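Colleague: Sharing a structure with you now.
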Amino acid sequence: MSPPLQQHPLWPCLDRSSRQLLATLAEPVAWRDAAELARLLHGHAVLGWLGGARALTLDAVPASSLPAAPGQGWRIAAPVLHTLAQGQPACQDFLAQARTAPTDDAPASDTPAPEPTLRHALGWLAALGLPALVLTAVAGRSDPWVPWACFGAALGAGLCVWVLGLAPPAAGALLALLLLMAGNHLPVEQALAGLAGSGFFLLLGMFGCSTAIQHSGLTQRLLAALLRPLPHTARGFQACLMLVGVAMTLFIPSTLGRLQLLAPMVKALARPGTAGYAALAFAALSGCTLLSTSFLLGNAANFVVLGILPEHWQPHVNWMAWFQCAAVYTAVIAAGLAASVALGPATQGGGTPAWAQAPLPRMAFPEGVTALALLCLGLGSALGNVHHIDMAWLALFAMLLLMATGVLPMDKVHAGVNWSILLYLVCTVGIARGFTFMGIQPWLAAHADGLALLMRTQQGTFLLLLVAAVMLLRLALPSMVCVATLCAVLMPLADAQGLHPLVLGFVIVTASEIWFLPHQSSDYLLFRESVELSPGIARDVLRRNAWLQACRIVALAASVPYWRHMGLLQ
Amino acid sequence: MNRDAAMRWAWAALFLLLAAAAVAFNMHSRRILVVHEGPAGSAYAQALGRGLDAVLRPAARLKVRHQYMGFAADACPGILAQMKAFDPGTVIAEGPGARACVRSATAPEAPPVVVYQPALPAQAEARARYAGAWQRLLQDLAPAGGTLLVLRGAQDQAEYDTLAKAARGAGLRVQAWTDDGTLPPTLTQPGAVALTHHAGQGWPDPQGAPQGGLLRALRAATPVPLISTRLESLALGADLALAQAPEQRGEMLAQAALAGLAEPGLNSPYEMAVGMRQDFAQRQTLPPFYALSARMAGFLAE
């Protein structure tokens, strides 16, 4: 018997989301000879095993190089695999190597890491050499600027890793935090404040719950239940997909995870290449992404904001407080989504699938318990102001319920929890505390008094300028880095200047989610490949997306008077 | 339903029962909201927090949250919204601005107990200690026979009377000026200028801080020491401040909150804390224990 996909040498080169997508999209295959393998390879890449032990990676390999031995493995569309590899140098290097040597004699678990490229070598040299240089230069000195220099060097090292893509963002954040702790520039209790806050446990619990949702079949049941009463028209299908996307946003913190669940449904409801297919794909994409910052649990970046909030604000911010802050934004976006369905193309892309017409099967035990856990979580979140139990403990309780009843076995917890994001959260909270510890607020107040004055006296204008600044930064920086850096720098000052830190965080995280160009959204890129959008349809989706992204800016602007009315702005 | 499934549903039911019990238990826990008039992170807020924590942290089944107004009256609607959501049984209002904000809340069905302590102690013994500390300070600060100009807020009559008594005890003449948004004409003559709690409220300040505008105007007009009855004034430009020790104040407020009393009682000697600006400490010839005490309490401001 061949080893599982998880032991293939490509697997460790991918990040967590890409692995999940690969596992979902890859199709198991087997072949007896080179001719059969060549047929399987048409437009696809094959990952697998020869003779049950030798790893095999076939991507754009000439037919003459194909092995004659039988084997088995998984087939995935080549463009999808290339998209998954985007931004993951280790994976790209591995695939490049595989094109010249498709078979690997070493067992998967012993596969050496890909050889570093020159860019990597130089990047790591900068990331590690910069702090080493600074620490050597300031050793033994006690000037007032020395702590700032060390702090800057640690951050610089992390930024090198982030910006040059040397490793996942969590590794960059961890490097910066380790340098701060090892050099005694930040007390350990401040550096590890992310572990003491409830944000970490909330995100952990939600990853557990969302893993159960993804495996329970609850989403498919929801879609089928929605399709039943609604008219089976193109707009009806679009509305259904959009509603399912929004419903998942309430509980699944990973946008990619939501899109991954909806992609097969898009394919099932319309024929690829038709205008109806484009409309359905757009409905799924916008339903899954546009309200991700409306709900606290809808986006991992929301937890970064929650973790970086000043300590005395954190207990006040729960699911309901977040939603209250986002209420007007949500209403405007919901209106935009409804308008996009009502005014969009109404061409039918295919018939009603059989599974949507068949009677709903009896709810299985995993579905039932998952629904029960979500009900507890939903009720607990909505009634937070009545029972005053922190939402993190509710989420952990729901996860425990799922684990104790066998719905969420431990191996699924290991595979389903995005440990990289959790690590990133802990590290960014620690770095943000570092900014406060170093006295960024008095420094900014003293050296950027114009900014402080703007924050205090013209908060609406400041927020709109902030939206513009974040959108500009996002042309070059990933969303998470943008959110973490801006929140860490601006939140202490905002708190001191009477600008509600939650509003500031919400504006930053929402503005960082605005995208117009494909490269700004890795979620879109992967979704585009997984639903196999043709270039023409992709252009159509992008054009319609631009309108809804503009709607996000309008929604943020419309929220300013509401925030003022609620007392969140002065 | 087979036996295995029934067992697993029984597990789920047990979990729900546990959840219901936890909710019922938690709904009856006590909640205390502390509304600070000043900003978070100030030396005063941290010292007060230490006092509150010393009493409240060991108490079981208690949820404590803090809100900071940052001296901005327009922060009040946000504070009230948080108060409504938290629904505390007790609110500790630290400072008159915080009390005014809490009192402006529309009356809920079960209004919370509001614990408040004025800057000037109500108890005779405590007030005597307060006056004694001020007298000692004025003796050390200004030569006998000099003048103390007291800039007072309209509602600070009792505080002014105490200060005036202390100043006379120290051999100083007292000149009073009720703050009306202008400086008194005889500003260059006094040996020191003292500000009471509400002085300076009519002075515009871009940061919205109380006394900030007045202290800047005074600093530009006179070189004499500017002293205040509130420790937060140090960050705004006062040279020296003398007030109740915030740790003790925090403990008293917390004890009153636990006991359900609106006004704290005093069961230990009234403690005063002194705060100074570093440059003032260097150029003055005050006895060294002032600077030492300010440094130890964390009120030696840069």
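Each chain in the structure tokens gets a letter, A, B and so on, in the order shown; residues start at 1 in every chain, and ligands are counted from 1 in the order they appear.
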For chain B against chain A, which residues fall within 6 Å using only C-alpha atoms, given as a VMD selection string?

Modeller: chain B and resid 8 23 27 66 74 77 to 78 85

Colleague: With only C-alpha atoms as the counted atoms, please give the residues lying no more than 9 Å from Leu297 of chain A, apart from itself and same-chain residues fewer than 5 positions off, as a list of chain:residue names.

Modeller: A:Leu202, A:Leu203, A:Met206, A:Thr249, A:Leu250, A:Phe251, A:Ile252, A:Pro253, A:Ser292, A:Asn302, A:Phe303, A:Trp319

Colleague: I'd like the neighbourhood of Leu195 of chain A as a PyMOL selection string, where a residue qualifies if any of its atoms comes within 12 Å (using only C-alpha atoms), though same-chain residues fewer than 3 positions away should be ignored.

Modeller: chain A and resi 188-192+198-204+307+422-430

Colleague: Would you mind exporting the chosen residues as an mmCIF file, in the first residue's frame, restricted to N, CA and C atoms?

Modeller:
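again13.cif written:
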```
data_model
loop_
_atom_site.group_PDB
_atom_site.id
_atom_site.type_symbol
_atom_site.label_atom_id
_atom_site.label_comp_id
_atom_site.auth_asym_id
_atom_site.auth_seq_id
_atom_site.Cartn_x
_atom_site.Cartn_y
_atom_site.Cartn_z
ATOM 1 N N VAL A 188 9.313 39.020 29.451
ATOM 2 C CA VAL A 188 8.666 37.822 28.901
ATOM 3 C C VAL A 188 7.144 37.914 29.025
ATOM 4 N N GLU A 189 6.665 38.483 30.151
ATOM 5 C CA GLU A 189 5.207 38.536 30.330
ATOM 6 C C GLU A 189 4.548 39.451 29.293
ATOM 7 N N GLN A 190 5.317 40.435 28.813
ATOM 8 C CA GLN A 190 4.794 41.294 27.743
ATOM 9 C C GLN A 190 4.926 40.572 26.398
ATOM 10 N N ALA A 191 6.073 39.954 26.203
ATOM 11 C CA ALA A 191 6.315 39.289 24.914
ATOM 12 C C ALA A 191 5.314 38.168 24.663
ATOM 13 N N LEU A 192 4.937 37.470 25.718
ATOM 14 C CA LEU A 192 4.022 36.334 25.540
ATOM 15 C C LEU A 192 2.604 36.683 25.963
ATOM 16 N N SER A 198 -7.363 36.111 25.632
ATOM 17 C CA SER A 198 -8.336 35.101 25.219
ATOM 18 C C SER A 198 -8.374 34.921 23.701
ATOM 19 N N GLY A 199 -7.768 35.853 22.939
ATOM 20 C CA GLY A 199 -7.812 35.773 21.480
ATOM 21 C C GLY A 199 -7.226 34.471 20.955
ATOM 22 N N PHE A 200 -6.125 34.043 21.552
ATOM 23 C CA PHE A 200 -5.460 32.809 21.126
ATOM 24 C C PHE A 200 -6.410 31.618 21.269
ATOM 25 N N PHE A 201 -7.058 31.532 22.427
ATOM 26 C CA PHE A 201 -7.913 30.378 22.686
ATOM 27 C C PHE A 201 -9.207 30.455 21.868
ATOM 28 N N LEU A 202 -9.649 31.688 21.624
ATOM 29 C CA LEU A 202 -10.837 31.844 20.784
ATOM 30 C C LEU A 202 -10.557 31.328 19.370
ATOM 31 N N LEU A 203 -9.410 31.727 18.842
ATOM 32 C CA LEU A 203 -9.067 31.300 17.481
ATOM 33 C C LEU A 203 -8.843 29.783 17.434
ATOM 34 N N LEU A 204 -8.199 29.246 18.484
ATOM 35 C CA LEU A 204 -7.980 27.801 18.539
ATOM 36 C C LEU A 204 -9.324 27.065 18.534
ATOM 37 N N GLY A 307 -6.199 40.923 19.599
ATOM 38 C CA GLY A 307 -5.034 40.688 20.461
ATOM 39 C C GLY A 307 -4.234 41.946 20.703
ATOM 40 N N LEU A 422 -1.949 30.779 14.467
ATOM 41 C CA LEU A 422 -1.945 30.922 15.927
ATOM 42 C C LEU A 422 -0.592 31.440 16.416
ATOM 43 N N LEU A 423 0.464 30.887 15.863
ATOM 44 C CA LEU A 423 1.810 31.325 16.233
ATOM 45 C C LEU A 423 2.004 32.795 15.831
ATOM 46 N N TYR A 424 1.508 33.115 14.648
ATOM 47 C CA TYR A 424 1.616 34.494 14.159
ATOM 48 C C TYR A 424 0.875 35.445 15.100
ATOM 49 N N LEU A 425 -0.290 35.000 15.558
ATOM 50 C CA LEU A 425 -1.092 35.835 16.468
ATOM 51 C C LEU A 425 -0.319 36.110 17.760
ATOM 52 N N VAL A 426 0.238 35.047 18.350
ATOM 53 C CA VAL A 426 0.984 35.205 19.605
ATOM 54 C C VAL A 426 2.160 36.171 19.394
ATOM 55 N N CYS A 427 2.864 35.989 18.285
ATOM 56 C CA CYS A 427 4.056 36.809 18.045
ATOM 57 C C CYS A 427 3.694 38.267 17.779
ATOM 58 N N THR A 428 2.652 38.504 16.991
ATOM 59 C CA THR A 428 2.308 39.900 16.681
ATOM 60 C C THR A 428 1.791 40.621 17.926
ATOM 61 N N VAL A 429 1.063 39.907 18.766
ATOM 62 C CA VAL A 429 0.603 40.550 20.011
ATOM 63 C C VAL A 429 1.819 40.920 20.861
ATOM 64 N N GLY A 430 2.789 40.019 20.935
ATOM 65 C CA GLY A 430 4.006 40.306 21.695
ATOM 66 C C GLY A 430 4.747 41.505 21.124
#
```

Colleague: As a ChimeraX atom specification, list the residues of segment 45-294 of chain A assigned to strand (DSSP E or B) by DSSP on the backbone atoms of this structure.

Modeller: /A:45-50,54-58,71-77,103-104

Colleague: Could the residues in this selection be written to a file with N, CA and C atoms, as a PDB file, in the first residue's frame?

Modeller:
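New file result.pdb:
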```pdb
ATOM      1  N   ALA A  45      -0.846  17.654 -13.189  1.00  0.00           N
ATOM      2  CA  ALA A  45       0.383  17.197 -12.530  1.00  0.00           C
ATOM      3  C   ALA A  45       0.016  15.967 -11.714  1.00  0.00           C
ATOM      4  N   VAL A  46       0.971  15.081 -11.547  1.00  0.00           N
ATOM      5  CA  VAL A  46       0.713  13.860 -10.767  1.00  0.00           C
ATOM      6  C   VAL A  46       1.728  13.774  -9.630  1.00  0.00           C
ATOM      7  N   LEU A  47       1.198  13.534  -8.450  1.00  0.00           N
ATOM      8  CA  LEU A  47       2.053  13.279  -7.280  1.00  0.00           C
ATOM      9  C   LEU A  47       1.777  11.842  -6.858  1.00  0.00           C
ATOM     10  N   GLY A  48       2.780  11.087  -6.577  1.00  0.00           N
ATOM     11  CA  GLY A  48       2.467   9.718  -6.211  1.00  0.00           C
ATOM     12  C   GLY A  48       3.682   8.914  -5.827  1.00  0.00           C
ATOM     13  N   TRP A  49       3.522   7.607  -5.940  1.00  0.00           N
ATOM     14  CA  TRP A  49       4.548   6.669  -5.496  1.00  0.00           C
ATOM     15  C   TRP A  49       4.729   5.575  -6.543  1.00  0.00           C
ATOM     16  N   LEU A  50       5.967   5.250  -6.787  1.00  0.00           N
ATOM     17  CA  LEU A  50       6.282   4.146  -7.676  1.00  0.00           C
ATOM     18  C   LEU A  50       6.602   2.944  -6.817  1.00  0.00           C
ATOM     19  N   ARG A  54       8.767   4.768  -3.746  1.00  0.00           N
ATOM     20  CA  ARG A  54       9.551   5.865  -4.335  1.00  0.00           C
ATOM     21  C   ARG A  54       8.627   7.018  -4.683  1.00  0.00           C
ATOM     22  N   ALA A  55       8.957   8.200  -4.147  1.00  0.00           N
ATOM     23  CA  ALA A  55       8.104   9.372  -4.406  1.00  0.00           C
ATOM     24  C   ALA A  55       8.250   9.803  -5.850  1.00  0.00           C
ATOM     25  N   LEU A  56       7.153  10.289  -6.409  1.00  0.00           N
ATOM     26  CA  LEU A  56       7.145  10.691  -7.805  1.00  0.00           C
ATOM     27  C   LEU A  56       6.416  12.026  -7.917  1.00  0.00           C
ATOM     28  N   THR A  57       7.010  12.970  -8.649  1.00  0.00           N
ATOM     29  CA  THR A  57       6.362  14.254  -8.889  1.00  0.00           C
ATOM     30  C   THR A  57       6.472  14.555 -10.373  1.00  0.00           C
ATOM     31  N   LEU A  58       5.358  14.587 -11.054  1.00  0.00           N
ATOM     32  CA  LEU A  58       5.373  14.802 -12.498  1.00  0.00           C
ATOM     33  C   LEU A  58       4.644  16.094 -12.825  1.00  0.00           C
ATOM     34  N   GLY A  71       2.248   2.491 -10.662  1.00  0.00           N
ATOM     35  CA  GLY A  71       2.233   3.269  -9.418  1.00  0.00           C
ATOM     36  C   GLY A  71       0.846   3.814  -9.131  1.00  0.00           C
ATOM     37  N   GLN A  72       0.757   4.533  -8.065  1.00  0.00           N
ATOM     38  CA  GLN A  72      -0.509   5.203  -7.749  1.00  0.00           C
ATOM     39  C   GLN A  72      -0.227   6.515  -7.046  1.00  0.00           C
ATOM     40  N   GLY A  73      -1.218   7.384  -7.090  1.00  0.00           N
ATOM     41  CA  GLY A  73      -1.018   8.703  -6.481  1.00  0.00           C
ATOM     42  C   GLY A  73      -2.225   9.585  -6.669  1.00  0.00           C
ATOM     43  N   TRP A  74      -1.967  10.858  -6.932  1.00  0.00           N
ATOM     44  CA  TRP A  74      -3.053  11.834  -7.034  1.00  0.00           C
ATOM     45  C   TRP A  74      -2.790  12.737  -8.229  1.00  0.00           C
ATOM     46  N   ARG A  75      -3.873  13.140  -8.877  1.00  0.00           N
ATOM     47  CA  ARG A  75      -3.751  13.989 -10.056  1.00  0.00           C
ATOM     48  C   ARG A  75      -4.408  15.326  -9.713  1.00  0.00           C
ATOM     49  N   ILE A  76      -3.766  16.410 -10.119  1.00  0.00           N
ATOM     50  CA  ILE A  76      -4.331  17.750  -9.862  1.00  0.00           C
ATOM     51  C   ILE A  76      -4.043  18.620 -11.085  1.00  0.00           C
ATOM     52  N   ALA A  77      -4.998  19.497 -11.430  1.00  0.00           N
ATOM     53  CA  ALA A  77      -4.796  20.363 -12.595  1.00  0.00           C
ATOM     54  C   ALA A  77      -3.514  21.170 -12.406  1.00  0.00           C
ATOM     55  N   THR A 103      11.534  11.404 -10.250  1.00  0.00           N
ATOM     56  CA  THR A 103      11.437  10.414  -9.179  1.00  0.00           C
ATOM     57  C   THR A 103      12.447  10.721  -8.104  1.00  0.00           C
ATOM     58  N   ASP A 104      12.068  10.324  -6.935  1.00  0.00           N
ATOM     59  CA  ASP A 104      12.927  10.594  -5.784  1.00  0.00           C
ATOM     60  C   ASP A 104      13.176   9.285  -5.069  1.00  0.00           C
TER      61      ASP A 104
END
```

Colleague: Which residues are close to Tyr524 of chain A, i.e. within 12 Å by only C-alpha atoms, leaving aside same-chain residues fewer than 3 positions away? Reply as a count of residues only.

Modeller: 36

Colleague: Have a look at atom CA of Asp143 of chain A and atom CA of Phe299 of chain B and let me know their distance in Å, one decimal.

Modeller: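 If I compute the distance from atom CA of Asp143 of chain A to atom CA of Phe299 of chain B, I get 23.4 Å.
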
Colleague: Check segment 213-431 of chain A with DSSP on the backbone and list each residue it calls helix (DSSP H, G or I), as a PyMOL selection string.

Modeller: chain A and resi 213-216+218-227+234-249+255-269+275-289+296-298+300-308+314-316+319-325+327-343+354-357+365-382+384-387+391-404+410-416+419-431

Colleague: Atom CA of His44 of chain A to atom CA of Ile537 of chain A: how many Å, to one decimal?

Modeller: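 Computed distance, atom CA of His44 of chain A to atom CA of Ile537 of chain A, equals 21.4 Å.
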
Colleague: Counting only C-alpha atoms, which residue out of B:Ser268, B:Ser228, B:Ser104, B:Ser233 sits closest to Ala209 of chain B?

Modeller: B:Ser233

Colleague: Would you list the contacts of Met276 of chain B as a ChimeraX atom specification, taking every protein, DNA or RNA residue within 7 Å and counting only C-alpha atoms, but skipping same-chain residues closer than 3 positions in sequence?

Modeller: /B:234,239-241,280-281,291,294,299-301

Colleague: Show me, as a PyMOL selection string, the residues that have an atom within 9 Å of Phe151 of chain A when counting only C-alpha atoms, minus same-chain residues fewer than 2 positions from it.

Modeller: chain A and resi 146-149+153-156+176+179-180+185-186+434-435+438

Colleague: Name the residues in contact with segment 87-91 of chain B at a cut-off of 12 Å, using only C-alpha atoms, excluding same-chain residues fewer than 6 positions from it; report them as a PyMOL selection string.

Modeller: (chain A and resi 316+384-388) or (chain B and resi 27-36+62-67+79-81+98-99+101-103+105+108-116+253-263)

Colleague: To one decimal in Å, tell me the separation between atom CA of Leu306 of chain A and atom CA of Gly194 of chain A.

Modeller: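 Atom CA of Gly194 of chain A lies 10.1 Å from atom CA of Leu306 of chain A.
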